[in-house]
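The data block below is upload.pdb; it holds PDB, C-alpha atoms, pLDDT in the B column.
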ATOM      1  CA  MET A  23       0.000   0.000   0.000  1.00 44.00           C
ATOM      2  CA  GLU A  24       1.193   3.501  -0.753  1.00 52.00           C
ATOM      3  CA  LYS A  25       2.401   5.499   2.231  1.00 78.00           C
ATOM      4  CA  LEU A  26      -0.760   7.513   2.821  1.00 87.00           C
ATOM      5  CA  ASP A  27      -2.399   8.383   6.116  1.00 91.00           C
ATOM      6  CA  LEU A  28      -5.824   6.881   5.480  1.00 91.00           C
ATOM      7  CA  ASN A  29      -7.048   8.060   8.876  1.00 91.00           C
ATOM      8  CA  LYS A  30      -7.242  11.548   7.374  1.00 94.00           C
ATOM      9  CA  PRO A  31      -8.882  12.942   4.241  1.00 97.00           C
ATOM     10  CA  VAL A  32      -6.667  12.275   1.227  1.00 97.00           C
ATOM     11  CA  GLU A  33      -6.493  14.986  -1.427  1.00 97.00           C
ATOM     12  CA  ILE A  34      -6.671  13.083  -4.727  1.00 97.00           C
ATOM     13  CA  ALA A  35      -6.885  16.217  -6.920  1.00 98.00           C
ATOM     14  CA  LYS A  36      -6.901  19.925  -6.127  1.00 97.00           C
ATOM     15  CA  ASP A  37      -9.658  20.520  -3.542  1.00 98.00           C
ATOM     16  CA  ILE A  38     -11.059  16.982  -4.013  1.00 98.00           C
ATOM     17  CA  PHE A  39     -10.768  14.585  -1.078  1.00 98.00           C
ATOM     18  CA  TRP A  40     -11.308  10.885  -0.456  1.00 97.00           C
ATOM     19  CA  VAL A  41     -13.091  10.577   2.887  1.00 97.00           C
ATOM     20  CA  GLY A  42     -13.664   6.825   3.019  1.00 94.00           C
ATOM     21  CA  PHE A  43     -13.167   4.027   5.525  1.00 87.00           C
ATOM     22  CA  ASP A  44     -10.104   1.793   5.365  1.00 83.00           C
ATOM     23  CA  ASP A  45     -11.459  -1.459   6.782  1.00 78.00           C
ATOM     24  CA  PRO A  46      -8.778  -4.190   6.586  1.00 75.00           C
ATOM     25  CA  ASN A  47     -11.409  -6.893   7.088  1.00 73.00           C
ATOM     26  CA  ALA A  48     -13.529  -5.856   4.118  1.00 68.00           C
ATOM     27  CA  GLY A  49     -13.098  -6.875   0.503  1.00 60.00           C
ATOM     28  CA  PHE A  50     -15.806  -4.425  -0.466  1.00 73.00           C
ATOM     29  CA  ARG A  51     -14.581  -0.865   0.189  1.00 81.00           C
ATOM     30  CA  CYS A  52     -16.703   2.265  -0.131  1.00 88.00           C
ATOM     31  CA  ASN A  53     -15.269   5.608  -1.230  1.00 95.00           C
ATOM     32  CA  PRO A  54     -17.139   8.834  -0.455  1.00 97.00           C
ATOM     33  CA  TYR A  55     -15.563  12.036  -1.820  1.00 98.00           C
ATOM     34  CA  VAL A  56     -15.930  15.765  -1.223  1.00 98.00           C
ATOM     35  CA  LEU A  57     -15.238  18.507  -3.755  1.00 98.00           C
ATOM     36  CA  ASN A  58     -14.627  22.008  -2.394  1.00 98.00           C
ATOM     37  CA  ASP A  59     -15.401  24.912  -4.712  1.00 98.00           C
ATOM     38  CA  GLY A  60     -15.282  28.319  -3.063  1.00 95.00           C
ATOM     39  CA  GLU A  61     -18.021  28.427  -0.430  1.00 93.00           C
ATOM     40  CA  GLU A  62     -19.702  25.285  -1.780  1.00 97.00           C
ATOM     41  CA  THR A  63     -18.924  21.655  -1.078  1.00 98.00           C
ATOM     42  CA  VAL A  64     -20.258  18.782  -3.154  1.00 98.00           C
ATOM     43  CA  PHE A  65     -20.452  15.443  -1.328  1.00 98.00           C
ATOM     44  CA  PHE A  66     -20.392  12.272  -3.454  1.00 98.00           C
ATOM     45  CA  ASP A  67     -22.068   9.041  -2.289  1.00 97.00           C
ATOM     46  CA  PRO A  68     -21.765   9.754   1.461  1.00 96.00           C
ATOM     47  CA  GLY A  69     -21.861   6.163   2.611  1.00 92.00           C
ATOM     48  CA  SER A  70     -23.572   3.824   5.039  1.00 92.00           C
ATOM     49  CA  VAL A  71     -24.776   4.091   8.619  1.00 93.00           C
ATOM     50  CA  PRO A  72     -22.034   1.801  10.042  1.00 90.00           C
ATOM     51  CA  HIS A  73     -19.324   3.932   8.408  1.00 90.00           C
ATOM     52  CA  PHE A  74     -20.958   7.243   9.309  1.00 94.00           C
ATOM     53  CA  PRO A  75     -18.787   8.202  12.349  1.00 94.00           C
ATOM     54  CA  ILE A  76     -15.526   7.658  10.463  1.00 94.00           C
ATOM     55  CA  VAL A  77     -16.689   9.375   7.283  1.00 95.00           C
ATOM     56  CA  LEU A  78     -18.083  12.289   9.290  1.00 97.00           C
ATOM     57  CA  GLY A  79     -14.762  12.833  11.046  1.00 97.00           C
ATOM     58  CA  LYS A  80     -12.945  13.032   7.718  1.00 97.00           C
ATOM     59  CA  VAL A  81     -15.559  15.271   6.130  1.00 98.00           C
ATOM     60  CA  MET A  82     -15.222  17.727   9.010  1.00 97.00           C
ATOM     61  CA  ARG A  83     -11.464  17.866   8.416  1.00 97.00           C
ATOM     62  CA  ALA A  84     -11.943  18.488   4.695  1.00 98.00           C
ATOM     63  CA  THR A  85     -14.695  21.118   4.882  1.00 98.00           C
ATOM     64  CA  GLN A  86     -17.260  22.788   7.141  1.00 97.00           C
ATOM     65  CA  LEU A  87     -20.630  21.075   7.337  1.00 97.00           C
ATOM     66  CA  GLU A  88     -22.551  24.229   6.471  1.00 97.00           C
ATOM     67  CA  ARG A  89     -20.685  24.423   3.155  1.00 98.00           C
ATOM     68  CA  ILE A  90     -22.231  21.163   1.922  1.00 98.00           C
ATOM     69  CA  LYS A  91     -24.793  22.308  -0.654  1.00 98.00           C
ATOM     70  CA  HIS A  92     -25.134  19.256  -2.891  1.00 98.00           C
ATOM     71  CA  VAL A  93     -25.044  15.523  -2.169  1.00 98.00           C
ATOM     72  CA  ILE A  94     -24.662  13.509  -5.375  1.00 98.00           C
ATOM     73  CA  VAL A  95     -26.044   9.982  -5.144  1.00 98.00           C
ATOM     74  CA  THR A  96     -25.362   7.756  -8.142  1.00 96.00           C
ATOM     75  CA  HIS A  97     -28.024   5.203  -7.146  1.00 95.00           C
ATOM     76  CA  GLN A  98     -30.012   4.106  -4.114  1.00 94.00           C
ATOM     77  CA  ASP A  99     -27.963   1.309  -2.506  1.00 94.00           C
ATOM     78  CA  PRO A 100     -27.559   1.578   1.298  1.00 93.00           C
ATOM     79  CA  ASP A 101     -23.779   1.262   1.213  1.00 91.00           C
ATOM     80  CA  LEU A 102     -23.508   4.641  -0.485  1.00 92.00           C
ATOM     81  CA  CYS A 103     -26.451   6.714   0.749  1.00 94.00           C
ATOM     82  CA  SER A 104     -28.186   5.326   3.866  1.00 96.00           C
ATOM     83  CA  ALA A 105     -26.255   7.818   6.033  1.00 96.00           C
ATOM     84  CA  ILE A 106     -27.848  10.839   4.341  1.00 98.00           C
ATOM     85  CA  PRO A 107     -30.404  11.421   7.147  1.00 98.00           C
ATOM     86  CA  ARG A 108     -27.547  11.525   9.686  1.00 97.00           C
ATOM     87  CA  PHE A 109     -25.780  14.194   7.655  1.00 98.00           C
ATOM     88  CA  GLU A 110     -29.038  16.095   7.214  1.00 98.00           C
ATOM     89  CA  GLU A 111     -29.432  16.391  10.986  1.00 97.00           C
ATOM     90  CA  LEU A 112     -25.934  17.774  11.475  1.00 97.00           C
ATOM     91  CA  VAL A 113     -25.907  20.122   8.487  1.00 97.00           C
ATOM     92  CA  GLU A 114     -29.306  21.523   9.416  1.00 96.00           C
ATOM     93  CA  GLY A 115     -28.089  21.829  13.009  1.00 96.00           C
ATOM     94  CA  VAL A 116     -25.460  24.358  11.944  1.00 96.00           C
ATOM     95  CA  GLY A 117     -27.913  26.303   9.825  1.00 95.00           C
ATOM     96  CA  GLY A 118     -27.130  24.701   6.481  1.00 96.00           C
ATOM     97  CA  GLY A 119     -28.907  22.505   4.000  1.00 97.00           C
ATOM     98  CA  PHE A 120     -28.303  20.604   0.794  1.00 98.00           C
ATOM     99  CA  ASP A 121     -30.126  19.062  -2.113  1.00 98.00           C
ATOM    100  CA  ILE A 122     -29.842  15.427  -3.149  1.00 98.00           C
ATOM    101  CA  CYS A 123     -28.711  15.136  -6.774  1.00 98.00           C
ATOM    102  CA  THR A 124     -29.874  11.862  -8.246  1.00 98.00           C
ATOM    103  CA  HIS A 125     -31.941  10.277 -10.985  1.00 98.00           C
ATOM    104  CA  THR A 126     -35.731  10.323 -10.707  1.00 98.00           C
ATOM    105  CA  ARG A 127     -35.746   6.516 -10.598  1.00 97.00           C
ATOM    106  CA  ALA A 128     -33.468   6.532  -7.567  1.00 97.00           C
ATOM    107  CA  SER A 129     -35.205   9.403  -5.765  1.00 97.00           C
ATOM    108  CA  VAL A 130     -38.366   7.391  -5.119  1.00 97.00           C
ATOM    109  CA  LEU A 131     -36.277   4.760  -3.315  1.00 97.00           C
ATOM    110  CA  ILE A 132     -33.833   7.079  -1.515  1.00 97.00           C
ATOM    111  CA  ALA A 133     -36.809   8.779   0.140  1.00 97.00           C
ATOM    112  CA  HIS A 134     -37.439   5.527   2.049  1.00 97.00           C
ATOM    113  CA  TYR A 135     -34.275   6.118   4.105  1.00 97.00           C
ATOM    114  CA  GLY A 136     -36.167   8.996   5.726  1.00 97.00           C
ATOM    115  CA  THR A 137     -34.473  11.833   3.847  1.00 97.00           C
ATOM    116  CA  ARG A 138     -36.123  15.253   3.885  1.00 96.00           C
ATOM    117  CA  SER A 139     -33.856  17.328   1.645  1.00 98.00           C
ATOM    118  CA  PRO A 140     -35.190  18.410  -1.750  1.00 98.00           C
ATOM    119  CA  PHE A 141     -34.216  16.336  -4.760  1.00 98.00           C
ATOM    120  CA  TYR A 142     -32.332  17.766  -7.715  1.00 98.00           C
ATOM    121  CA  ARG A 143     -33.247  15.266 -10.411  1.00 98.00           C
ATOM    122  CA  VAL A 144     -30.384  15.085 -12.881  1.00 98.00           C
ATOM    123  CA  ASP A 145     -32.529  13.726 -15.709  1.00 98.00           C
ATOM    124  CA  ALA A 146     -34.866  16.734 -15.367  1.00 98.00           C
ATOM    125  CA  ASN A 147     -32.038  19.295 -15.279  1.00 98.00           C
ATOM    126  CA  ASP A 148     -30.277  18.727 -18.591  1.00 97.00           C
ATOM    127  CA  TRP A 149     -27.833  16.258 -16.995  1.00 98.00           C
ATOM    128  CA  LYS A 150     -25.689  18.960 -15.400  1.00 98.00           C
ATOM    129  CA  LEU A 151     -25.213  20.968 -12.227  1.00 98.00           C
ATOM    130  CA  THR A 152     -23.656  24.431 -12.312  1.00 98.00           C
ATOM    131  CA  LEU A 153     -22.068  25.636  -9.080  1.00 98.00           C
ATOM    132  CA  LYS A 154     -22.080  29.265  -7.938  1.00 97.00           C
ATOM    133  CA  SER A 155     -18.582  29.770  -9.349  1.00 97.00           C
ATOM    134  CA  GLY A 156     -19.743  28.616 -12.783  1.00 97.00           C
ATOM    135  CA  ARG A 157     -18.031  25.259 -12.409  1.00 98.00           C
ATOM    136  CA  SER A 158     -19.951  22.600 -14.313  1.00 98.00           C
ATOM    137  CA  LEU A 159     -20.584  19.015 -13.273  1.00 98.00           C
ATOM    138  CA  ARG A 160     -21.864  16.829 -16.107  1.00 98.00           C
ATOM    139  CA  PHE A 161     -23.902  13.723 -15.420  1.00 98.00           C
ATOM    140  CA  ILE A 162     -23.404  10.744 -17.720  1.00 98.00           C
ATOM    141  CA  PHE A 163     -26.314   8.329 -17.821  1.00 98.00           C
ATOM    142  CA  ALA A 164     -25.217   4.721 -17.232  1.00 97.00           C
ATOM    143  CA  PRO A 165     -28.505   2.797 -17.300  1.00 96.00           C
ATOM    144  CA  PHE A 166     -28.616  -0.623 -15.637  1.00 96.00           C
ATOM    145  CA  LEU A 167     -25.027  -0.368 -14.320  1.00 96.00           C
ATOM    146  CA  HIS A 168     -26.221  -1.771 -12.093  1.00 92.00           C
ATOM    147  CA  PHE A 169     -29.388   0.283 -11.426  1.00 94.00           C
ATOM    148  CA  PRO A 170     -31.779   1.595 -14.123  1.00 95.00           C
ATOM    149  CA  GLY A 171     -31.097   5.183 -13.034  1.00 96.00           C
ATOM    150  CA  ALA A 172     -27.334   4.920 -12.472  1.00 97.00           C
ATOM    151  CA  PHE A 173     -25.081   7.737 -13.677  1.00 98.00           C
ATOM    152  CA  MET A 174     -21.526   9.054 -13.395  1.00 98.00           C
ATOM    153  CA  THR A 175     -20.358  12.634 -12.718  1.00 98.00           C
ATOM    154  CA  TYR A 176     -17.653  14.394 -14.748  1.00 98.00           C
ATOM    155  CA  ASP A 177     -16.130  17.516 -13.219  1.00 98.00           C
ATOM    156  CA  GLU A 178     -15.140  19.689 -16.157  1.00 97.00           C
ATOM    157  CA  LYS A 179     -12.592  21.675 -14.120  1.00 98.00           C
ATOM    158  CA  SER A 180     -10.534  18.858 -12.597  1.00 98.00           C
ATOM    159  CA  LYS A 181     -11.467  16.298 -15.297  1.00 98.00           C
ATOM    160  CA  VAL A 182     -12.150  13.748 -12.569  1.00 98.00           C
ATOM    161  CA  LEU A 183     -14.833  11.168 -13.346  1.00 98.00           C
ATOM    162  CA  PHE A 184     -16.774  10.123 -10.235  1.00 98.00           C
ATOM    163  CA  SER A 185     -17.996   6.814 -11.567  1.00 98.00           C
ATOM    164  CA  GLY A 186     -20.198   5.349  -8.832  1.00 96.00           C
ATOM    165  CA  ASP A 187     -20.174   1.549  -8.941  1.00 95.00           C
ATOM    166  CA  ILE A 188     -18.627   1.467 -12.410  1.00 97.00           C
ATOM    167  CA  PHE A 189     -14.857   0.773 -12.295  1.00 97.00           C
ATOM    168  CA  GLY A 190     -15.314  -0.548  -8.756  1.00 94.00           C
ATOM    169  CA  GLY A 191     -13.311  -3.494  -7.470  1.00 93.00           C
ATOM    170  CA  LEU A 192     -13.724  -6.404  -5.102  1.00 87.00           C
ATOM    171  CA  SER A 193     -10.603  -7.561  -3.246  1.00 81.00           C
ATOM    172  CA  PHE A 194      -9.085  -7.859   0.220  1.00 79.00           C
ATOM    173  CA  ASP A 195      -5.783  -6.666  -1.277  1.00 82.00           C
ATOM    174  CA  TRP A 196      -6.824  -3.009  -1.378  1.00 87.00           C
ATOM    175  CA  ASN A 197      -4.939   0.164  -2.228  1.00 90.00           C
ATOM    176  CA  LEU A 198      -6.401   3.640  -2.505  1.00 93.00           C
ATOM    177  CA  TYR A 199      -4.856   3.892  -5.980  1.00 95.00           C
ATOM    178  CA  ALA A 200      -5.107   1.052  -8.464  1.00 95.00           C
ATOM    179  CA  ASN A 201      -2.034  -1.171  -8.622  1.00 93.00           C
ATOM    180  CA  GLU A 202      -0.981  -3.843 -11.110  1.00 93.00           C
ATOM    181  CA  TYR A 203      -3.522  -6.298  -9.669  1.00 93.00           C
ATOM    182  CA  TYR A 204      -6.545  -4.025  -9.777  1.00 95.00           C
ATOM    183  CA  ALA A 205      -7.798  -5.179 -13.164  1.00 95.00           C
ATOM    184  CA  GLU A 206      -8.656  -8.568 -11.645  1.00 95.00           C
ATOM    185  CA  ALA A 207     -10.444  -6.951  -8.693  1.00 94.00           C
ATOM    186  CA  MET A 208     -12.430  -4.806 -11.121  1.00 95.00           C
ATOM    187  CA  LYS A 209     -13.351  -7.804 -13.259  1.00 95.00           C
ATOM    188  CA  ALA A 210     -14.516  -9.739 -10.193  1.00 93.00           C
ATOM    189  CA  PHE A 211     -16.879  -6.929  -9.203  1.00 93.00           C
ATOM    190  CA  HIS A 212     -18.338  -6.318 -12.657  1.00 96.00           C
ATOM    191  CA  GLU A 213     -18.764  -9.984 -13.504  1.00 95.00           C
ATOM    192  CA  ASN A 214     -20.988 -10.352 -10.456  1.00 93.00           C
ATOM    193  CA  TYR A 215     -22.831  -7.021 -10.361  1.00 94.00           C
ATOM    194  CA  MET A 216     -23.205  -5.744 -13.937  1.00 95.00           C
ATOM    195  CA  PRO A 217     -25.858  -7.149 -16.285  1.00 95.00           C
ATOM    196  CA  SER A 218     -24.071  -7.753 -19.601  1.00 95.00           C
ATOM    197  CA  ARG A 219     -21.162  -6.799 -21.830  1.00 96.00           C
ATOM    198  CA  LYS A 220     -23.561  -5.119 -24.276  1.00 96.00           C
ATOM    199  CA  ILE A 221     -24.878  -2.741 -21.628  1.00 96.00           C
ATOM    200  CA  LEU A 222     -21.404  -2.105 -20.210  1.00 97.00           C
ATOM    201  CA  LYS A 223     -19.970  -1.346 -23.661  1.00 97.00           C
ATOM    202  CA  HIS A 224     -22.774   1.136 -24.371  1.00 97.00           C
ATOM    203  CA  THR A 225     -21.651   3.310 -21.449  1.00 97.00           C
ATOM    204  CA  MET A 226     -17.915   2.819 -22.027  1.00 97.00           C
ATOM    205  CA  ASP A 227     -18.346   4.193 -25.551  1.00 97.00           C
ATOM    206  CA  LYS A 228     -19.706   7.429 -24.055  1.00 97.00           C
ATOM    207  CA  LEU A 229     -16.399   7.986 -22.256  1.00 97.00           C
ATOM    208  CA  ASP A 230     -14.296   8.056 -25.422  1.00 94.00           C
ATOM    209  CA  ALA A 231     -15.079  11.743 -25.979  1.00 93.00           C
ATOM    210  CA  LEU A 232     -14.002  12.810 -22.477  1.00 97.00           C
ATOM    211  CA  ASP A 233     -10.573  13.991 -21.360  1.00 97.00           C
ATOM    212  CA  ILE A 234     -10.314  12.088 -18.079  1.00 98.00           C
ATOM    213  CA  GLU A 235      -7.501  12.780 -15.627  1.00 98.00           C
ATOM    214  CA  MET A 236      -8.708  10.345 -12.974  1.00 98.00           C
ATOM    215  CA  ILE A 237     -11.521   7.879 -12.276  1.00 98.00           C
ATOM    216  CA  ALA A 238     -12.804   7.924  -8.708  1.00 98.00           C
ATOM    217  CA  PRO A 239     -15.152   4.951  -8.181  1.00 97.00           C
ATOM    218  CA  GLN A 240     -17.406   4.429  -5.188  1.00 94.00           C
ATOM    219  CA  HIS A 241     -15.895   0.978  -4.592  1.00 91.00           C
ATOM    220  CA  GLY A 242     -12.349  -0.274  -5.045  1.00 92.00           C
ATOM    221  CA  SER A 243      -9.420   1.894  -6.084  1.00 95.00           C
ATOM    222  CA  ILE A 244      -8.837   5.214  -7.808  1.00 97.00           C
ATOM    223  CA  ILE A 245      -7.533   4.997 -11.381  1.00 98.00           C
ATOM    224  CA  ARG A 246      -4.896   7.510 -12.484  1.00 97.00           C
ATOM    225  CA  LYS A 247      -4.670   9.110 -15.920  1.00 97.00           C
ATOM    226  CA  ARG A 248      -2.004   6.771 -17.267  1.00 96.00           C
ATOM    227  CA  ASP A 249      -4.354   3.786 -16.837  1.00 97.00           C
ATOM    228  CA  VAL A 250      -7.723   5.358 -17.678  1.00 98.00           C
ATOM    229  CA  ARG A 251      -8.006   4.201 -21.307  1.00 97.00           C
ATOM    230  CA  ALA A 252      -6.763   0.707 -20.526  1.00 97.00           C
ATOM    231  CA  TYR A 253      -9.425   0.217 -17.853  1.00 98.00           C
ATOM    232  CA  ILE A 254     -12.150   1.602 -20.123  1.00 98.00           C
ATOM    233  CA  ASP A 255     -11.142  -0.961 -22.747  1.00 97.00           C
ATOM    234  CA  ILE A 256     -11.166  -3.771 -20.190  1.00 97.00           C
ATOM    235  CA  LEU A 257     -14.762  -3.010 -19.276  1.00 97.00           C
ATOM    236  CA  ARG A 258     -15.776  -2.400 -22.880  1.00 97.00           C
ATOM    237  CA  ASN A 259     -14.886  -5.992 -23.688  1.00 96.00           C
ATOM    238  CA  LEU A 260     -15.741  -7.728 -20.405  1.00 96.00           C
ATOM    239  CA  GLU A 261     -18.255 -10.554 -20.351  1.00 95.00           C
ATOM    240  CA  CYS A 262     -20.363 -10.195 -17.218  1.00 92.00           C
ATOM    241  CA  GLY A 263     -23.764 -10.926 -15.774  1.00 91.00           C
ATOM    242  CA  GLU A 264     -25.959 -12.798 -18.221  1.00 93.00           C
ATOM    243  CA  ASP A 265     -22.994 -13.417 -20.565  1.00 91.00           C
ATOM    244  CA  ILE A 266     -21.416 -15.653 -17.931  1.00 87.00           C
ATOM    245  CA  PHE A 267     -24.631 -17.479 -17.084  1.00 77.00           C
ATOM    246  CA  GLU A 268     -25.291 -18.172 -20.750  1.00 63.00           C
TER     247      GLU A 268
END
Can you dump the structure from the file as structure tokens?
Amino acid sequence: MEKLDLNKPVEIAKDIFWVGFDDPNAGFRCNPYVLNDGEETVFFDPGSVPHFPIVLGKVMRATQLERIKHVIVTHQDPDLCSAIPRFEELVEGVGGGFDICTHTRASVLIAHYGTRSPFYRVDANDWKLTLKSGRSLRFIFAPFLHFPGAFMTYDEKSKVLFSGDIFGGLSFDWNLYANEYYAEAMKAFHENYMPSRKILKHTMDKLDALDIEMIAPQHGSIIRKRDVRAYIDILRNLECGEDIFE
């Protein structure tokens, strides 16, 4: 593992921090991120209830709670968004508030966690979010990977792709940044959780037009620029889901 202090927020790009939980007993790691932009903070896939105390501590070292204005949720799974009501209580307690940026299909399910923040439905807002500074976050629809309303977020300023479950990995041999073994961890996750090569290829083809400096998935390891195209090609050609069963 690289010599990083994973008990603290890790700055993976300018003003973008990994605030996840390094659990040595887990082969399934979750990676929340925060993006600071002036007086606004965007919080990506804030995580689960069991991880909430650790993630909260790192978030508070990376930003102030009242600066959190947007929580981006790529789909409705509990591992990445069940802690939202806990964050709502604390952010509202210091006089702040945020919206929940997600797809309409996910919003109807996320509400069942007891959230009360307004939804910003990405599919109803031209697939983008413009921050107060003018910074643009583009949402890339990734249907059925592995949820019908799944999407990724591309930050046009940093050129970081926050990919949600896509590009995630499954392995007990975990590093924050992808190493030479990560391709196998990524294959193991996608073979079991993604529906088919055809559907995966459809979304990978959308990424060809983007200049991507880094891929920051919600599971597994972060992929640096030098490896981005290689990992896109791996997933473009990967048999998974129904391909394997057939």
**Item:** the PyMOL selection byres ((chain A and resi 219-234) around 10) applied to the shown file, residues as a PyMOL selection string
**Value:** chain A and resi 162-168+173-174+176-178+180-183+188+212-213+216-218+235-237+246-248+250-251+253-266
**Request:** Extract, using all atoms listed in the file, all DNA, RNA and protein residues at most 12 Å from A:Pro100, discarding same-chain residues fewer than 5 positions from it, and format them as a ChimeraX atom specification.
**Result:** /A:52,67-74,95,105-107,128,131-135
Mind telling me what the PyMOL selection byres ((chain A and resi 43) around 7) catches here, as a PDB file with C-alpha atoms, in the frame of the given file?
ATOM      1  CA  GLY A  42     -13.664   6.825   3.019  1.00 94.00           C
ATOM      2  CA  ASP A  44     -10.104   1.793   5.365  1.00 83.00           C
ATOM      3  CA  ASP A  45     -11.459  -1.459   6.782  1.00 78.00           C
ATOM      4  CA  CYS A  52     -16.703   2.265  -0.131  1.00 88.00           C
ATOM      5  CA  HIS A  73     -19.324   3.932   8.408  1.00 90.00           C
ATOM      6  CA  ILE A  76     -15.526   7.658  10.463  1.00 94.00           C
ATOM      7  CA  VAL A  77     -16.689   9.375   7.283  1.00 95.00           C
TER       8      VAL A  77
END
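Minimum distance to A:His97 across A:Arg160, A:His241, A:Arg51, A:His125 (counting only C-alpha atoms) occurs at A:His125.
Ranking A:Phe50, A:Gln240, A:Lys25, A:Ala172 by their shortest atom-to-atom distance to A:Ala207, with all atoms listed in the file included, puts A:Phe50 first.
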Go through the shown structure with the PyMOL selection byres ((chain A and resi 86-93) around 8) and write out the matching residues as a PDB file with C-alpha atoms, in the coordinates of the input.
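Produced file out-v4.pdb, reproduced below:
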ATOM      1  CA  GLU A  61     -18.021  28.427  -0.430  1.00 93.00           C
ATOM      2  CA  GLU A  62     -19.702  25.285  -1.780  1.00 97.00           C
ATOM      3  CA  THR A  63     -18.924  21.655  -1.078  1.00 98.00           C
ATOM      4  CA  VAL A  64     -20.258  18.782  -3.154  1.00 98.00           C
ATOM      5  CA  PHE A  65     -20.452  15.443  -1.328  1.00 98.00           C
ATOM      6  CA  PHE A  66     -20.392  12.272  -3.454  1.00 98.00           C
ATOM      7  CA  ASP A  67     -22.068   9.041  -2.289  1.00 97.00           C
ATOM      8  CA  PRO A  68     -21.765   9.754   1.461  1.00 96.00           C
ATOM      9  CA  VAL A  81     -15.559  15.271   6.130  1.00 98.00           C
ATOM     10  CA  MET A  82     -15.222  17.727   9.010  1.00 97.00           C
ATOM     11  CA  ARG A  83     -11.464  17.866   8.416  1.00 97.00           C
ATOM     12  CA  ALA A  84     -11.943  18.488   4.695  1.00 98.00           C
ATOM     13  CA  THR A  85     -14.695  21.118   4.882  1.00 98.00           C
ATOM     14  CA  ILE A  94     -24.662  13.509  -5.375  1.00 98.00           C
ATOM     15  CA  VAL A  95     -26.044   9.982  -5.144  1.00 98.00           C
ATOM     16  CA  LEU A 112     -25.934  17.774  11.475  1.00 97.00           C
ATOM     17  CA  VAL A 113     -25.907  20.122   8.487  1.00 97.00           C
ATOM     18  CA  GLU A 114     -29.306  21.523   9.416  1.00 96.00           C
ATOM     19  CA  VAL A 116     -25.460  24.358  11.944  1.00 96.00           C
ATOM     20  CA  GLY A 117     -27.913  26.303   9.825  1.00 95.00           C
ATOM     21  CA  GLY A 118     -27.130  24.701   6.481  1.00 96.00           C
ATOM     22  CA  GLY A 119     -28.907  22.505   4.000  1.00 97.00           C
ATOM     23  CA  PHE A 120     -28.303  20.604   0.794  1.00 98.00           C
ATOM     24  CA  ASP A 121     -30.126  19.062  -2.113  1.00 98.00           C
ATOM     25  CA  ILE A 122     -29.842  15.427  -3.149  1.00 98.00           C
ATOM     26  CA  CYS A 123     -28.711  15.136  -6.774  1.00 98.00           C
TER      27      CYS A 123
END
Assuming 8 Å of padding per side, give the centre and edge lengths of the axis-aligned box around every listed atom of stretch 102-107 of chain A, in Å to one decimal and as lines of an AutoDock Vina configuration file.
center_x = -27.0
center_y = 8.0
center_z = 3.3
size_x = 22.9
size_y = 22.8
size_z = 23.6
**Asked** What is the distance between atom CA of A:Gly171 and atom CA of A:Phe184, in Å to one decimal?
**Response** 15.4 Å
